[in-house]
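Accompanying notes for the structure given below.
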Amino acid sequence: MHPVPSSIDPSQPHTPLFARLGAEPFRQLAAGLYTRIDGDPRIRAMFPEDLSAQSDAVNDMSEFLIQFFGGPQTYSERKGHPRLRARHMRFPITTDARDAWLSNALGALDEVVSTHQLDERAHDEIHRYLVATSQFMINTDA
Ligand code: HEM
């Protein structure tokens, strides 16, 4: 009646992804996302000038993802509670901006999956998170 997606094994306890993957896939996801945004005229102007692998933007995103997926809480030790939606309110995020952001994030995720040989379960968990959370960031119709 309610089939469980094949990538989820209901007999397995949920292990935070960080414990299985470590930090590197999340660092690569953040760097890959911002490399793509750097070349995306649809949303480039919203972001700071420096989107290189060493930039604050990549560092913030990478620490945030590591924390969210169960790793060290470095992001919050440095910056406090994420309040993600509130932190995005100063940017006008339309459905189009979200779609552009998400296409870059999913492109970066594909690259991480092939570099780190992520299994379907890890892929699906990150994919679902990116889709749902980016939707939640939409804050204007204009
Ligand atoms: C899964 C969805 C998303 C996550 C997890 C996420 C996460 C983050 C994080 C952690 C920051 C840094 C905040 C800080 O510490 O100051 C940030 C900044 C930012 N985000 Fe997002 N974000 C998401 C979706 C979006 C979307 C859909 C847009 C729309 C284009 C967007 C645009 C921005 C912009 C313009 C910044 C400021 C960049 C900077 O100054 O570093 N984000 N985001």
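Labeling convention for the structure tokens: chains A, B, ... as they appear, residues from 1 per chain, ligands from 1 in order of appearance.
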
Point to revise | Site check for ligand 1: residues at most 8 Å away, only C-alpha atoms and all ligand atoms, as an MDAnalysis selection string | key: chainID A and resid 43 46:48 56:58 60:65 75 79 82 84 87:88 91:94 97:102 129:138

Output the selection as a PDB file, in the first residue's frame - C-alpha atoms for each residue.
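Produced file result_28.pdb, reproduced below:
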ATOM      1  CA  ILE A  43      21.527  34.493  -9.724  1.00  0.00           C
ATOM      2  CA  MET A  46      22.999  38.055  -5.268  1.00  0.00           C
ATOM      3  CA  PHE A  47      26.255  36.489  -4.084  1.00  0.00           C
ATOM      4  CA  PRO A  48      29.554  37.958  -2.866  1.00  0.00           C
ATOM      5  CA  ASP A  56      33.876  32.686   3.300  1.00  0.00           C
ATOM      6  CA  ALA A  57      30.790  31.760   1.256  1.00  0.00           C
ATOM      7  CA  VAL A  58      32.048  28.229   0.615  1.00  0.00           C
ATOM      8  CA  ASP A  60      29.975  28.933   5.690  1.00  0.00           C
ATOM      9  CA  MET A  61      28.007  26.590   3.436  1.00  0.00           C
ATOM     10  CA  SER A  62      30.347  23.701   4.020  1.00  0.00           C
ATOM     11  CA  GLU A  63      30.319  24.075   7.827  1.00  0.00           C
ATOM     12  CA  PHE A  64      26.551  24.436   7.735  1.00  0.00           C
ATOM     13  CA  LEU A  65      26.056  21.204   5.753  1.00  0.00           C
ATOM     14  CA  TYR A  75      28.972  26.616  12.129  1.00  0.00           C
ATOM     15  CA  LYS A  79      27.777  32.110  13.943  1.00  0.00           C
ATOM     16  CA  PRO A  82      21.479  28.963  11.669  1.00  0.00           C
ATOM     17  CA  LEU A  84      18.374  29.735   7.704  1.00  0.00           C
ATOM     18  CA  ARG A  87      19.320  34.767   7.053  1.00  0.00           C
ATOM     19  CA  HIS A  88      17.974  34.605   3.500  1.00  0.00           C
ATOM     20  CA  PHE A  91      17.735  38.411  -0.631  1.00  0.00           C
ATOM     21  CA  PRO A  92      14.629  38.356  -2.843  1.00  0.00           C
ATOM     22  CA  ILE A  93      14.284  34.628  -3.520  1.00  0.00           C
ATOM     23  CA  THR A  94      11.693  34.000  -6.237  1.00  0.00           C
ATOM     24  CA  ALA A  97      15.939  32.076  -8.294  1.00  0.00           C
ATOM     25  CA  ARG A  98      15.243  28.946  -6.263  1.00  0.00           C
ATOM     26  CA  ASP A  99      15.068  26.797  -9.415  1.00  0.00           C
ATOM     27  CA  ALA A 100      18.401  28.238 -10.594  1.00  0.00           C
ATOM     28  CA  TRP A 101      20.003  27.628  -7.181  1.00  0.00           C
ATOM     29  CA  LEU A 102      18.620  24.082  -7.034  1.00  0.00           C
ATOM     30  CA  TYR A 129      17.019  17.914   1.662  1.00  0.00           C
ATOM     31  CA  LEU A 130      18.168  20.258  -1.127  1.00  0.00           C
ATOM     32  CA  VAL A 131      14.785  20.166  -2.889  1.00  0.00           C
ATOM     33  CA  ALA A 132      12.723  20.776   0.275  1.00  0.00           C
ATOM     34  CA  THR A 133      14.936  23.349   1.952  1.00  0.00           C
ATOM     35  CA  SER A 134      15.445  25.431  -1.194  1.00  0.00           C
ATOM     36  CA  GLN A 135      11.646  25.488  -1.601  1.00  0.00           C
ATOM     37  CA  PHE A 136      11.358  26.763   1.970  1.00  0.00           C
ATOM     38  CA  MET A 137      13.738  29.691   1.139  1.00  0.00           C
ATOM     39  CA  ILE A 138      11.352  31.231  -1.427  1.00  0.00           C
TER      40      ILE A 138
END

Point to revise | Spatial neighbours of Leu29 in chain A, max dist 9 Å, only C-alpha atoms, sep filter under 3 positions, as a PyMOL selection string | key: chain A and resi 24-26+32-34+61-62+65+105+108-109+111-112

Practice item. Would you please extract all alpha helix (DSSP H) residues from chain A, as assigned by DSSP on the backbone, and give them as a PyMOL selection string? Key: chain A and resi 17-21+24-38+56-68+74-79+84-87+95-116+120-136

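The two atoms in question, CA of His123 in chain A and CA of Leu21 in chain A, are spaced 11.2 Å apart.
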
Check your understanding: Counting only C-alpha atoms, which of A:Ile66, A:Glu125, A:Thr95, A:Asp40 gets nearest to His14 in chain A?
Key -> A:Glu125

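Counting only C-alpha atoms, the residue from A:Asn59, A:Thr115, A:Asn104, A:Thr35 that sits nearest to Thr74 in chain A is A:Asn59.
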
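Neighbouring residues of Gly70 in chain A at 6 Å or closer, counting only C-alpha atoms and skipping chain neighbours under 3 positions away, are Pro16, Phe18 and Gln67 of chain A.
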
Same residues, C-alpha atoms, saved as a compact mmCIF listing (two decimals), in the first residue's frame:
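Just written: out_24.txt:
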# COMPACT_ATOMS: atom_id res chain seq x y z
CA PRO A 16 23.62 10.46 10.46
CA PHE A 18 28.28 12.54 8.41
CA GLN A 67 26.62 20.43 11.03

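The two atoms in question, CA of Asp124 in chain A and CA of Pro72 in chain A, are spaced 22.2 Å apart.
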
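Here CA of Leu51 in chain A and CA of Arg27 in chain A stand 13.3 Å from one another.
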